[in-house]
$ cat model11.txt   # compact mmCIF, C-alpha atoms
# COMPACT_ATOMS: atom_id res chain seq x y z
CA MET A 55 62.24 87.60 75.92
CA ARG A 56 65.35 86.24 74.20
CA ASN A 57 67.08 89.63 74.21
CA HIS A 58 66.23 90.06 77.85
CA VAL A 59 67.86 86.71 78.64
CA LEU A 60 70.99 87.48 76.64
CA ALA A 61 71.36 90.87 78.23
CA SER A 62 71.01 89.47 81.77
CA SER A 63 73.74 88.72 84.22
CA ALA A 64 75.29 85.26 84.37
CA LEU A 65 73.34 84.57 87.53
CA LEU A 66 70.05 85.22 85.81
CA THR A 67 71.12 83.02 82.90
CA ALA A 68 71.95 80.23 85.31
CA ALA A 69 68.71 80.80 87.19
CA LEU A 70 66.71 80.49 83.99
CA ALA A 71 68.15 77.03 83.49
CA PHE A 72 66.07 75.98 86.47
CA ALA A 73 63.08 78.20 85.92
CA PRO A 74 61.47 79.42 88.00
CA LEU A 75 64.01 80.18 90.69
CA ALA A 76 63.15 83.87 90.95
CA PRO A 77 60.74 84.55 93.80
CA ALA A 78 58.07 85.72 91.37
CA GLN A 79 56.78 82.29 90.47
CA ASP A 80 53.87 84.00 88.75
CA THR A 81 56.17 85.18 85.96
CA PRO A 82 56.68 82.66 83.15
CA THR A 83 60.40 82.01 82.73
CA ALA A 84 60.89 79.49 79.97
CA ARG A 85 64.35 78.72 78.66
CA PRO A 86 65.37 80.64 75.56
CA GLY A 87 63.65 79.17 72.53
CA GLN A 88 61.21 77.14 74.63
CA VAL A 89 57.57 78.09 75.02
CA ASP A 90 56.40 78.13 78.61
CA GLN A 91 53.27 76.01 78.68
CA ARG A 92 52.23 76.75 82.24
CA PRO A 93 48.77 78.24 82.55
CA PRO A 94 48.51 81.70 84.12
CA SER A 95 48.34 81.85 87.90
CA VAL A 96 45.21 83.11 89.63
CA TYR A 97 46.98 86.42 90.20
CA GLN A 98 47.94 86.73 86.55
CA LYS A 99 44.32 86.12 85.55
CA VAL A 100 42.81 88.69 87.92
CA ALA A 101 45.55 91.19 87.08
CA GLU A 102 43.83 91.66 83.74
CA ALA A 103 40.68 93.03 85.40
CA GLY A 104 40.34 96.77 85.08
CA PRO A 105 39.89 99.37 87.83
CA GLY A 106 36.22 98.45 88.42
CA GLY A 107 35.22 101.99 89.31
CA PRO A 108 36.36 104.42 92.02
CA ALA A 109 37.62 103.21 95.38
CA PRO A 110 34.95 103.16 98.10
CA ILE A 111 35.85 105.52 100.95
CA HIS A 112 37.56 104.07 104.03
CA ASP A 113 36.83 100.52 102.94
CA LEU A 114 39.23 97.68 102.17
CA ASN A 115 36.84 94.90 103.20
CA GLY A 116 37.00 91.63 101.28
CA PHE A 117 39.60 89.35 99.74
CA TRP A 118 42.55 90.50 97.69
CA ASN A 119 44.82 88.48 95.44
CA GLY A 120 48.55 89.14 95.34
CA PRO A 121 51.66 87.67 93.72
CA LEU A 122 53.53 84.83 95.39
CA GLU A 123 56.13 87.32 96.69
CA PRO A 124 56.28 91.13 96.89
CA LYS A 125 59.02 93.30 95.42
CA PHE A 126 61.97 94.08 97.65
CA ALA A 127 62.62 97.82 97.75
CA ASP A 128 65.49 99.49 99.62
CA THR A 129 68.71 97.73 100.53
CA PRO A 130 69.00 98.33 104.28
CA SER A 131 72.03 99.75 106.03
CA LEU A 132 72.72 97.75 109.18
CA THR A 133 74.25 98.98 112.43
CA PRO A 134 77.10 96.87 113.88
CA LEU A 135 74.56 95.08 116.11
CA GLY A 136 72.31 94.55 113.08
CA GLN A 137 75.23 93.12 111.10
CA ALA A 138 76.07 90.70 113.90
CA LYS A 139 72.46 89.48 114.11
CA PHE A 140 72.13 89.24 110.31
CA LYS A 141 75.17 86.96 110.11
CA LEU A 142 73.51 84.48 112.46
CA ASN A 143 70.54 83.98 110.16
CA ILE A 144 71.02 81.35 107.44
CA PRO A 145 68.19 81.62 104.91
CA ASP A 146 66.81 78.96 102.55
CA PRO A 147 64.19 76.75 104.14
CA PHE A 148 65.10 74.02 101.62
CA SER A 149 68.62 73.58 102.98
CA ALA A 150 69.39 71.07 105.67
CA HIS A 151 71.69 73.59 107.36
CA SER A 152 69.48 76.64 107.32
CA ASN A 153 68.09 78.01 110.57
CA ASP A 154 65.19 79.68 108.82
CA PRO A 155 62.22 79.35 111.19
CA TRP A 156 60.12 78.58 108.10
CA ARG A 157 61.82 75.17 107.91
CA THR A 158 59.61 73.93 110.71
CA CYS A 159 56.65 76.23 110.01
CA ASP A 160 57.29 78.60 112.91
CA PRO A 161 54.96 81.63 112.73
CA PHE A 162 56.23 84.20 110.24
CA GLY A 163 55.32 86.99 112.61
CA PHE A 164 55.25 90.54 111.34
CA PRO A 165 56.31 92.02 108.92
CA ARG A 166 57.32 88.67 107.40
CA SER A 167 53.63 87.86 106.86
CA ALA A 168 53.64 90.86 104.50
CA THR A 169 57.05 90.24 102.90
CA ASN A 170 56.84 86.48 102.22
CA GLU A 171 54.06 84.38 100.63
CA THR A 172 51.59 87.11 99.76
CA ARG A 173 49.01 85.43 97.55
CA GLY A 174 46.04 86.29 99.68
CA LEU A 175 45.07 89.19 101.90
CA ALA A 176 41.76 90.13 103.46
CA PHE A 177 40.30 92.90 105.60
CA ALA A 178 37.26 92.97 107.85
CA THR A 179 35.92 95.55 110.25
CA MET A 180 35.36 94.95 113.94
CA PRO A 181 33.71 97.40 116.37
CA GLN A 182 37.02 98.99 117.41
CA GLY A 183 39.23 98.35 114.47
CA ILE A 184 40.17 96.41 111.41
CA VAL A 185 41.35 92.83 111.17
CA ILE A 186 44.06 92.15 108.57
CA MET A 187 44.20 88.53 107.49
CA THR A 188 46.85 86.78 105.44
CA GLN A 189 45.98 83.63 103.53
CA TYR A 190 49.32 81.94 104.15
CA ASN A 191 48.92 80.14 107.42
CA LYS A 192 45.58 81.84 108.07
CA THR A 193 46.98 84.60 110.25
CA TRP A 194 45.07 87.57 111.55
CA ARG A 195 46.16 90.81 113.16
CA MET A 196 44.01 93.28 115.02
CA VAL A 197 44.56 96.94 114.10
CA TRP A 198 43.00 99.23 116.72
CA MET A 199 41.38 102.24 115.06
CA ASP A 200 39.95 103.84 118.20
CA GLY A 201 42.77 106.32 118.74
CA ARG A 202 44.68 104.32 121.35
CA GLU A 203 48.49 104.57 121.26
CA LEU A 204 50.99 101.81 120.63
CA PRO A 205 52.26 100.21 123.87
CA LYS A 206 55.61 101.34 125.22
CA ASN A 207 58.41 99.36 126.83
CA VAL A 208 57.35 96.13 125.22
CA GLY A 209 59.55 93.23 126.22
CA THR A 210 61.00 94.96 129.28
CA ARG A 211 60.48 93.83 132.86
CA GLY A 212 57.07 95.11 133.92
CA GLY A 213 56.13 96.08 130.37
CA PRO A 214 53.80 94.27 127.96
CA SER A 215 55.13 91.04 126.46
CA SER A 216 56.41 90.96 122.92
CA ARG A 217 54.21 89.05 120.50
CA TRP A 218 54.92 87.17 117.26
CA TYR A 219 52.66 89.70 115.48
CA GLY A 220 53.27 92.64 117.80
CA TYR A 221 50.68 95.32 118.49
CA SER A 222 49.06 97.49 115.82
CA VAL A 223 47.12 100.73 115.65
CA GLY A 224 45.87 102.46 112.54
CA HIS A 225 44.18 105.47 111.01
CA TRP A 226 42.91 106.62 107.61
CA ASP A 227 45.01 109.06 105.61
CA GLY A 228 42.53 110.74 103.29
CA ASP A 229 39.74 108.72 101.72
CA ASN A 230 41.64 105.68 100.53
CA THR A 231 44.84 104.99 102.46
CA LEU A 232 44.95 102.86 105.59
CA VAL A 233 48.07 103.52 107.67
CA VAL A 234 49.00 100.81 110.18
CA GLU A 235 51.73 101.14 112.79
CA THR A 236 53.15 98.12 114.57
CA THR A 237 55.67 97.56 117.31
CA GLY A 238 56.45 95.00 120.00
CA VAL A 239 57.27 92.11 117.66
CA ASP A 240 59.21 89.21 119.21
CA ASP A 241 62.77 89.50 117.92
CA LYS A 242 62.88 85.78 117.07
CA THR A 243 61.11 86.55 113.81
CA TRP A 244 62.84 87.57 110.58
CA ILE A 245 61.77 90.68 108.69
CA ASP A 246 61.80 88.68 105.46
CA ARG A 247 63.04 85.45 103.92
CA ARG A 248 66.51 86.96 103.45
CA GLY A 249 66.97 86.85 107.21
CA TYR A 250 67.06 90.57 108.04
CA PRO A 251 66.79 90.88 111.84
CA HIS A 252 64.90 93.34 114.01
CA SER A 253 64.65 94.38 117.65
CA VAL A 254 61.46 94.37 119.72
CA ASP A 255 61.43 98.17 119.38
CA MET A 256 61.17 98.02 115.60
CA HIS A 257 58.39 100.27 114.32
CA VAL A 258 56.73 99.20 111.09
CA GLU A 259 54.46 101.37 108.96
CA GLU A 260 52.19 99.79 106.36
CA ARG A 261 50.38 102.02 103.91
CA TYR A 262 47.51 100.36 102.05
CA MET A 263 46.33 102.66 99.27
CA ARG A 264 43.17 101.67 97.45
CA VAL A 265 43.83 103.22 94.05
CA ASP A 266 40.45 102.21 92.61
CA ARG A 267 37.87 99.57 93.39
CA ASN A 268 40.05 96.69 92.19
CA ASP A 269 43.58 97.85 93.02
CA LEU A 270 45.42 98.02 96.32
CA GLU A 271 49.03 99.14 96.71
CA LEU A 272 51.09 98.41 99.79
CA THR A 273 54.33 99.89 101.10
CA VAL A 274 56.02 98.49 104.22
CA LYS A 275 58.57 100.68 105.98
CA ILE A 276 60.90 99.65 108.82
CA ASP A 277 62.26 102.00 111.46
CA ASP A 278 64.56 100.21 113.91
CA PRO A 279 67.51 102.39 115.00
CA LYS A 280 69.08 99.54 117.01
CA MET A 281 69.51 97.47 113.84
CA TYR A 282 69.40 99.93 110.93
CA THR A 283 71.04 103.28 110.46
CA LYS A 284 67.91 104.79 108.92
CA PRO A 285 64.31 103.90 108.04
CA TRP A 286 63.94 101.79 104.92
CA ILE A 287 61.17 100.41 102.74
CA VAL A 288 61.40 96.63 102.79
CA VAL A 289 58.74 95.78 100.19
CA THR A 290 56.06 97.17 97.93
CA ASN A 291 53.20 95.02 96.71
CA LYS A 292 50.08 95.21 94.57
CA PHE A 293 46.84 93.35 95.10
CA LYS A 294 43.70 92.90 93.03
CA PHE A 295 40.23 92.72 94.50
CA THR A 296 39.28 89.09 94.07
CA PRO A 297 36.26 88.44 91.89
CA GLN A 298 33.74 86.12 93.58
CA GLN A 299 35.72 86.79 96.76
CA LEU A 300 37.36 83.37 96.68
CA GLU A 301 40.06 82.37 99.09
CA ASP A 302 42.44 79.44 99.19
CA GLU A 303 43.80 77.50 102.15
CA GLN A 304 47.56 77.49 102.50
CA LEU A 305 49.02 76.07 105.67
CA CYS A 306 52.62 75.28 106.51
CA VAL A 307 52.24 72.05 108.48
CA PRO A 308 55.12 71.30 110.87
CA SER A 309 54.93 67.51 110.53
CA GLU A 310 54.96 67.80 106.72
CA ALA A 311 57.84 70.27 106.80
CA ILE A 312 59.92 67.95 108.99
CA ASP A 313 58.96 65.00 106.79
CA TYR A 314 60.16 67.01 103.75
CA LEU A 315 63.50 67.76 105.39
CA ASN A 316 64.10 64.12 106.24
CA THR A 317 62.75 62.64 103.01
CA ILE A 318 63.92 65.16 100.42
CA ALA A 319 66.16 68.03 101.55
CA ILE A 320 68.72 66.12 103.58
CA PRO A 321 69.09 63.08 101.25
CA ALA A 322 69.11 65.31 98.15
CA GLY A 323 72.30 66.70 99.57
CA GLN A 324 71.89 70.27 98.35
CA ASP A 325 74.64 71.50 100.64
CA GLU A 326 77.01 68.66 99.66
CA VAL A 327 76.57 69.51 96.02
CA ALA A 328 77.08 73.23 96.67
CA GLY A 329 80.32 72.48 98.43
CA GLN A 330 79.15 73.31 101.93
CA LYS A 331 79.69 70.86 104.79
CA MET B 134 73.10 74.51 75.43
CA ARG B 135 73.97 71.50 77.53
CA ARG B 136 77.34 73.04 78.43
CA GLY B 137 75.53 76.26 79.25
CA ILE B 138 73.32 74.39 81.66
CA VAL B 139 76.24 72.52 83.27
CA SER B 140 78.29 75.66 83.72
CA GLY B 141 75.14 77.37 84.85
CA LEU B 142 74.78 74.67 87.51
CA PHE B 143 78.25 75.34 88.88
CA LEU B 144 77.67 79.06 88.70
CA LEU B 145 74.45 78.62 90.61
CA ALA B 146 76.19 76.40 93.16
CA SER B 147 78.95 78.94 93.74
CA PHE B 148 76.41 81.71 94.10
CA ALA B 149 74.59 79.58 96.63
CA ILE B 150 77.63 79.84 98.88
CA SER B 151 78.43 83.49 98.50
CA VAL B 152 75.06 85.11 97.85
CA PRO B 153 71.80 84.08 99.49
CA LEU B 154 69.65 82.81 96.64
CA PHE B 155 66.01 83.32 97.32
CA ALA B 156 64.92 80.39 95.27
CA HIS B 157 61.39 79.48 96.04
CA HIS B 158 62.44 75.95 95.14
CA GLY B 159 66.16 75.30 94.92
CA ASN B 160 67.15 72.78 92.31
CA ALA B 161 70.93 73.03 92.64
CA ALA B 162 71.12 69.50 94.09
CA TYR B 163 69.49 67.84 91.09
CA GLU B 164 70.80 66.70 87.73
CA THR B 165 68.36 68.69 85.63
CA SER B 166 69.87 68.06 82.21
CA LYS B 167 68.02 64.76 81.82
CA ALA B 168 65.20 63.10 83.72
CA VAL B 169 65.47 59.52 84.95
CA VAL B 170 62.42 57.49 83.83
CA LEU B 171 61.02 55.02 86.35
CA LYS B 172 58.27 52.72 85.14
CA ASP B 173 55.95 50.62 87.32
CA ALA B 174 56.47 52.83 90.33
CA THR B 175 54.11 52.03 93.19
CA VAL B 176 53.07 55.06 95.19
CA THR B 177 53.50 54.68 98.94
CA LYS B 178 52.83 58.24 100.11
CA PHE B 179 51.77 61.60 98.69
CA VAL B 180 52.21 64.72 100.79
CA TRP B 181 50.22 67.70 99.54
CA GLY B 182 52.21 70.05 101.74
CA ASN B 183 52.87 73.76 101.57
CA PRO B 184 55.31 74.94 100.37
CA HIS B 185 56.54 71.41 99.57
CA THR B 186 54.62 68.63 97.92
CA PHE B 187 56.37 65.33 97.56
CA LEU B 188 55.75 61.78 96.47
CA MET B 189 57.23 58.53 97.78
CA PHE B 190 57.22 55.46 95.59
CA ASP B 191 58.84 52.05 95.25
CA VAL B 192 60.57 50.83 92.11
CA LYS B 193 62.28 47.49 91.46
CA ASP B 194 65.86 47.76 90.25
CA GLU B 195 67.45 45.44 87.63
CA LYS B 196 68.04 42.78 90.27
CA GLY B 197 64.47 42.90 91.48
CA ASN B 198 65.26 44.73 94.71
CA VAL B 199 62.78 47.35 95.84
CA VAL B 200 64.23 50.87 95.92
CA HIS B 201 62.42 53.53 97.96
CA TRP B 202 62.33 56.78 95.98
CA ALA B 203 61.15 60.25 96.91
CA GLY B 204 60.44 63.15 94.55
CA GLU B 205 59.45 66.72 95.32
CA ALA B 206 57.32 69.04 93.23
CA GLY B 207 55.93 72.56 93.37
CA SER B 208 53.56 74.06 95.90
CA PRO B 209 49.87 73.05 95.90
CA SER B 210 48.88 76.44 94.49
CA SER B 211 51.20 76.00 91.50
CA LEU B 212 50.41 72.34 90.93
CA GLY B 213 46.69 73.02 91.22
CA LEU B 214 46.89 75.10 88.05
CA LEU B 215 48.30 72.07 86.25
CA GLY B 216 45.56 69.65 87.23
CA TRP B 217 46.99 68.20 90.42
CA THR B 218 44.78 67.90 93.49
CA LYS B 219 45.32 66.60 96.98
CA ASP B 220 43.77 63.33 95.81
CA SER B 221 45.40 62.95 92.37
CA VAL B 222 47.68 60.21 93.58
CA GLN B 223 46.90 57.60 96.19
CA PRO B 224 49.08 54.97 97.86
CA GLY B 225 48.94 51.83 95.75
CA ASP B 226 48.71 53.67 92.41
CA VAL B 227 51.14 52.35 89.79
CA ILE B 228 52.60 55.23 87.80
CA THR B 229 55.55 56.24 85.62
CA VAL B 230 57.83 58.86 87.12
CA TYR B 231 60.13 61.28 85.30
CA ILE B 232 62.53 62.67 87.90
CA TYR B 233 65.67 64.81 88.06
CA GLN B 234 67.81 62.81 90.42
CA SER B 235 70.04 64.13 93.19
CA LYS B 236 73.64 64.43 92.11
CA THR B 237 74.57 62.41 95.18
CA GLY B 238 73.07 59.39 93.42
CA ARG B 239 70.52 58.79 96.16
CA PRO B 240 66.99 57.82 95.10
CA VAL B 241 65.60 61.33 95.63
CA GLY B 242 64.96 64.19 93.26
CA ARG B 243 62.69 66.78 91.71
CA LEU B 244 59.79 65.55 89.57
CA ASN B 245 59.51 66.51 85.94
CA ARG B 246 56.14 64.77 85.68
CA ILE B 247 54.24 61.66 86.64
CA VAL B 248 52.00 59.63 84.33
CA LEU B 249 49.06 57.85 85.91
CA ALA B 250 47.79 54.41 84.92
CA ASP B 251 45.06 55.98 82.77
CA GLY B 252 47.65 57.97 80.82
CA THR B 253 47.07 61.33 82.53
CA ALA B 254 50.31 63.30 82.76
CA LEU B 255 50.75 65.57 85.78
CA LYS B 256 53.62 67.98 85.24
CA ASP B 257 55.67 69.78 87.84
CA SER B 258 55.22 73.54 87.96
CA ALA B 259 58.93 74.33 87.70
CA LEU B 260 60.42 71.99 85.13
CA GLY B 261 57.50 69.89 83.96
CA TYR B 262 57.16 71.83 80.73
CA ARG B 263 60.31 70.14 79.47
CA GLU B 264 59.65 67.07 77.37
CA GLN B 265 62.19 64.51 78.61

$ encode --input "model11.txt" --output "structure tokens"
Amino acid sequence: MRNHVLASSALLTAALAFAPLAPAQDTPTARPGQVDQRPPSVYQKVAEAGPGGPAPIHDLNGFWNGPLEPKFADTPSLTPLGQAKFKLNIPDPFSAHSNDPWRTCDPFGFPRSATNETRGLAFATMPQGIVIMTQYNKTWRMVWMDGRELPKNVGTRGGPSSRWYGYSVGHWDGDNTLVVETTGVDDKTWIDRRGYPHSVDMHVEERYMRVDRNDLELTVKIDDPKMYTKPWIVVTNKFKFTPQQLEDEQLCVPSEAIDYLNTIAIPAGQDEVAGQK
Amino acid sequence: MRRGIVSGLFLLASFAISVPLFAHHGNAAYETSKAVVLKDATVTKFVWGNPHTFLMFDVKDEKGNVVHWAGEAGSPSSLGLLGWTKDSVQPGDVITVYIYQSKTGRPVGRLNRIVLADGTALKDSALGYREQ
């Protein structure tokens, strides 16, 4: 651990002074020479469970436990329009001057519900498809599995309306991989907490691969030619099948978020201290 | 080590301007080298919010004037692992607060820990492991 700290960049060294600042709050990050006394997170505890046997076929049903945040993958290449939109987004929901919709608990939308706050995930089957549920803010998305196509011309006059969570269809690839395709997401939402933008015509592919009974791996790929010069993988993530199928309630409450801004974030003066106006 | 932390603070602050820092809880505003200790703090409000929990409490200063303080802590999921619950602290409780104060000098900051009247210590998930 000590060698890792010494070999890190200055930023990481500074970040360790205020552990944990890294998004992976599940990872103990004590200062050099200091023993981290925090108990393991739920995810860390279930991560020790083994494979639990082979993956059931075409079945993801139940609750899954994930880390606080997924791993970012590719660095996207923005088009000029994408660059212009990206500049308008000021991340950091803890800053008084951010315009992150998370500040006031606006819906994450999709794919942000898969790229931000990923501790809990659940699947259930419905007659014509699969419901994907995310623990954070108790969201659910319907994935039609009956062969219908994604809607076209979403957000245009006469076409279907855009939605915070868009429209999704899916199919099985082999025995154990659920492929979900989504489009028609309202372009107010951010792709992730870094503020990457998207158009309503963005096409997102999620691949959920059940490696064995207890392990699920996710890849989320963005294809949005208006904003990005080529498709890119925004995150990968790993989930463990939750023993006892427990779930937690995590809600972002607008009144509490506004109270936090007025009581803590603005008086604490984070931007003043950082030299911003 | 102290100098390392101070220069680390400025480094962090400058990075906050030029590079988006995806801190799940940013502590750049707080003086984290040493916690301020506030005894006989009377709790007025406890918000078990996600992703922000925070506590509001009143403390008398040297002149006997009541100062209204506010301190934030980790998310409920993180604090839950350390023994906190939604009902751990109630308005009216008299506690001792260890807090990293805002560098602006205002009575606001990030909790290191609180100690309840019965002696129970509830530590923050980020910095509460530090003995102050």

$ residues_near_point --input "model11.txt" --point "(74.7, 93.7, 113.1)" --cutoff "12 Å" --atoms "only C-alpha atoms" --output "JSON, numbers by chain"
{"A": [130, 131, 132, 133, 134, 135, 136, 137, 138, 139, 140, 141, 142, 143, 249, 250, 251, 252, 253, 279, 280, 281, 282, 283]}

$ write_last_selection --input "model11.txt" --atoms "C-alpha atoms" --output "PDB file, in the frame of the given file"
ATOM      1  CA  PRO A 130      69.000  98.330 104.280  1.00  0.00           C
ATOM      2  CA  SER A 131      72.030  99.750 106.030  1.00  0.00           C
ATOM      3  CA  LEU A 132      72.720  97.750 109.180  1.00  0.00           C
ATOM      4  CA  THR A 133      74.250  98.980 112.430  1.00  0.00           C
ATOM      5  CA  PRO A 134      77.100  96.870 113.880  1.00  0.00           C
ATOM      6  CA  LEU A 135      74.560  95.080 116.110  1.00  0.00           C
ATOM      7  CA  GLY A 136      72.310  94.550 113.080  1.00  0.00           C
ATOM      8  CA  GLN A 137      75.230  93.120 111.100  1.00  0.00           C
ATOM      9  CA  ALA A 138      76.070  90.700 113.900  1.00  0.00           C
ATOM     10  CA  LYS A 139      72.460  89.480 114.110  1.00  0.00           C
ATOM     11  CA  PHE A 140      72.130  89.240 110.310  1.00  0.00           C
ATOM     12  CA  LYS A 141      75.170  86.960 110.110  1.00  0.00           C
ATOM     13  CA  LEU A 142      73.510  84.480 112.460  1.00  0.00           C
ATOM     14  CA  ASN A 143      70.540  83.980 110.160  1.00  0.00           C
ATOM     15  CA  GLY A 249      66.970  86.850 107.210  1.00  0.00           C
ATOM     16  CA  TYR A 250      67.060  90.570 108.040  1.00  0.00           C
ATOM     17  CA  PRO A 251      66.790  90.880 111.840  1.00  0.00           C
ATOM     18  CA  HIS A 252      64.900  93.340 114.010  1.00  0.00           C
ATOM     19  CA  SER A 253      64.650  94.380 117.650  1.00  0.00           C
ATOM     20  CA  PRO A 279      67.510 102.390 115.000  1.00  0.00           C
ATOM     21  CA  LYS A 280      69.080  99.540 117.010  1.00  0.00           C
ATOM     22  CA  MET A 281      69.510  97.470 113.840  1.00  0.00           C
ATOM     23  CA  TYR A 282      69.400  99.930 110.930  1.00  0.00           C
ATOM     24  CA  THR A 283      71.040 103.280 110.460  1.00  0.00           C
TER      25      THR A 283
END

$ residues_around --input "model11.txt" --residues "Leu171 of chain B" --least-positions-apart "6" --cutoff "8 Å" --atoms "all atoms listed in the file" --output "PyMOL selection string"
chain B and resi 192+229-232

$ axis_aligned_box --input "model11.txt" --around "segment 250-255 of chain B" --padding-each-side "6 Å" --output "lines of an AutoDock Vina configuration file"
center_x = 47.9
center_y = 60.0
center_z = 83.3
size_x = 17.7
size_y = 23.2
size_z = 17.0

$ atom_distance --input "model11.txt" --atom1 "atom CA of Glu310 of chain A" --atom2 "atom CA of Gln189 of chain A"
18.5 Å

$ residues_around --input "model11.txt" --residues "Lys125 of chain A" --least-positions-apart "4" --cutoff "9 Å" --atoms "only C-alpha atoms" --output "list in words"
Ala78, Thr169, Val288, Val289, Thr290 and Asn291 of chain A

$ residues_around --input "model11.txt" --residues "His257 of chain A" --least-positions-apart "4" --cutoff "6 Å" --atoms "all atoms listed in the file" --output "list in words"
Thr236, Thr237 and Asp277 of chain A

$ closest_residue --input "model11.txt" --among "A:Glu171, A:Asp229, A:Ala109, A:Thr210" --to "Trp156 of chain A" --atoms "only C-alpha atoms"
A:Glu171

$ residues_around --input "model11.txt" --residues "segment 305-308 of chain A" --least-positions-apart "5" --cutoff "12 Å" --atoms "only C-alpha atoms" --output "VMD selection string"
(chain A and resid 147 155 to 162 171 188 to 193 313 to 315) or (chain B and resid 180 to 186 208 to 210)

$ residues_around --input "model11.txt" --residues "Thr179 of chain A" --least-positions-apart "6" --cutoff "12 Å" --atoms "only C-alpha atoms" --output "ChimeraX atom specification"
/A:112-116,185-187,195-199

$ closest_residue --input "model11.txt" --among "B:Glu164, B:Glu264, B:Glu195, B:Asp257" --to "Ser235 of chain B" --atoms "only C-alpha atoms"
B:Glu164

$ residues_near_point --input "model11.txt" --point "(50.3, 86.5, 92.9)" --cutoff "10 Å" --atoms "all atoms listed in the file" --output "VMD selection string"
chain A and resid 78 to 81 95 to 101 118 to 124 171 to 174 291 to 294

$ closest_residue --input "model11.txt" --among "B:Val241, B:Leu249, B:Leu212, B:Ala254" --to "Tyr163 of chain B" --atoms "all atoms listed in the file"
B:Val241

$ closest_residue --input "model11.txt" --among "A:Ile144, A:Val239, A:Ala168, A:Val258" --to "chain B" --atoms "all atoms listed in the file"
A:Ile144

$ atom_distance --input "model11.txt" --atom1 "atom CA of Lys193 of chain B" --atom2 "atom CA of Ile247 of chain B"
17.0 Å

$ decode --input "model11.txt" --residues "segment 163-176 of chain B" --atoms "N, CA and C atoms" --output "PDB file, in the first residue's frame"
ATOM      1  N   TYR B 163     -12.620  22.339   3.624  1.00  0.00           N
ATOM      2  CA  TYR B 163     -12.471  22.179   5.070  1.00  0.00           C
ATOM      3  C   TYR B 163     -11.018  22.084   5.508  1.00  0.00           C
ATOM      4  N   GLU B 164     -10.752  22.592   6.703  1.00  0.00           N
ATOM      5  CA  GLU B 164      -9.438  22.511   7.311  1.00  0.00           C
ATOM      6  C   GLU B 164      -9.309  21.142   7.945  1.00  0.00           C
ATOM      7  N   THR B 165      -8.740  20.193   7.206  1.00  0.00           N
ATOM      8  CA  THR B 165      -8.760  18.808   7.673  1.00  0.00           C
ATOM      9  C   THR B 165      -7.517  18.410   8.453  1.00  0.00           C
ATOM     10  N   SER B 166      -6.625  19.362   8.724  1.00  0.00           N
ATOM     11  CA  SER B 166      -5.428  18.986   9.474  1.00  0.00           C
ATOM     12  C   SER B 166      -5.752  18.775  10.951  1.00  0.00           C
ATOM     13  N   LYS B 167      -6.772  19.465  11.446  1.00  0.00           N
ATOM     14  CA  LYS B 167      -7.108  19.338  12.868  1.00  0.00           C
ATOM     15  C   LYS B 167      -8.594  19.590  13.057  1.00  0.00           C
ATOM     16  N   ALA B 168      -9.231  18.740  13.845  1.00  0.00           N
ATOM     17  CA  ALA B 168     -10.657  18.918  14.086  1.00  0.00           C
ATOM     18  C   ALA B 168     -10.883  19.906  15.220  1.00  0.00           C
ATOM     19  N   VAL B 169     -11.933  20.707  15.074  1.00  0.00           N
ATOM     20  CA  VAL B 169     -12.386  21.593  16.157  1.00  0.00           C
ATOM     21  C   VAL B 169     -13.260  20.745  17.070  1.00  0.00           C
ATOM     22  N   VAL B 170     -13.079  20.873  18.387  1.00  0.00           N
ATOM     23  CA  VAL B 170     -13.870  20.076  19.337  1.00  0.00           C
ATOM     24  C   VAL B 170     -14.927  20.964  19.964  1.00  0.00           C
ATOM     25  N   LEU B 171     -16.170  20.580  19.866  1.00  0.00           N
ATOM     26  CA  LEU B 171     -17.275  21.383  20.400  1.00  0.00           C
ATOM     27  C   LEU B 171     -18.039  20.549  21.421  1.00  0.00           C
ATOM     28  N   LYS B 172     -17.902  20.942  22.691  1.00  0.00           N
ATOM     29  CA  LYS B 172     -18.590  20.203  23.750  1.00  0.00           C
ATOM     30  C   LYS B 172     -19.960  20.813  24.018  1.00  0.00           C
ATOM     31  N   ASP B 173     -20.832  20.027  24.634  1.00  0.00           N
ATOM     32  CA  ASP B 173     -22.175  20.498  25.004  1.00  0.00           C
ATOM     33  C   ASP B 173     -22.910  21.079  23.799  1.00  0.00           C
ATOM     34  N   ALA B 174     -22.856  20.348  22.725  1.00  0.00           N
ATOM     35  CA  ALA B 174     -23.573  20.767  21.515  1.00  0.00           C
ATOM     36  C   ALA B 174     -24.982  20.188  21.576  1.00  0.00           C
ATOM     37  N   THR B 175     -25.973  21.040  21.383  1.00  0.00           N
ATOM     38  CA  THR B 175     -27.359  20.567  21.402  1.00  0.00           C
ATOM     39  C   THR B 175     -27.841  20.376  19.972  1.00  0.00           C
ATOM     40  N   VAL B 176     -28.235  19.164  19.664  1.00  0.00           N
ATOM     41  CA  VAL B 176     -28.695  18.843  18.314  1.00  0.00           C
ATOM     42  C   VAL B 176     -30.026  19.531  18.040  1.00  0.00           C
TER      43      VAL B 176
END
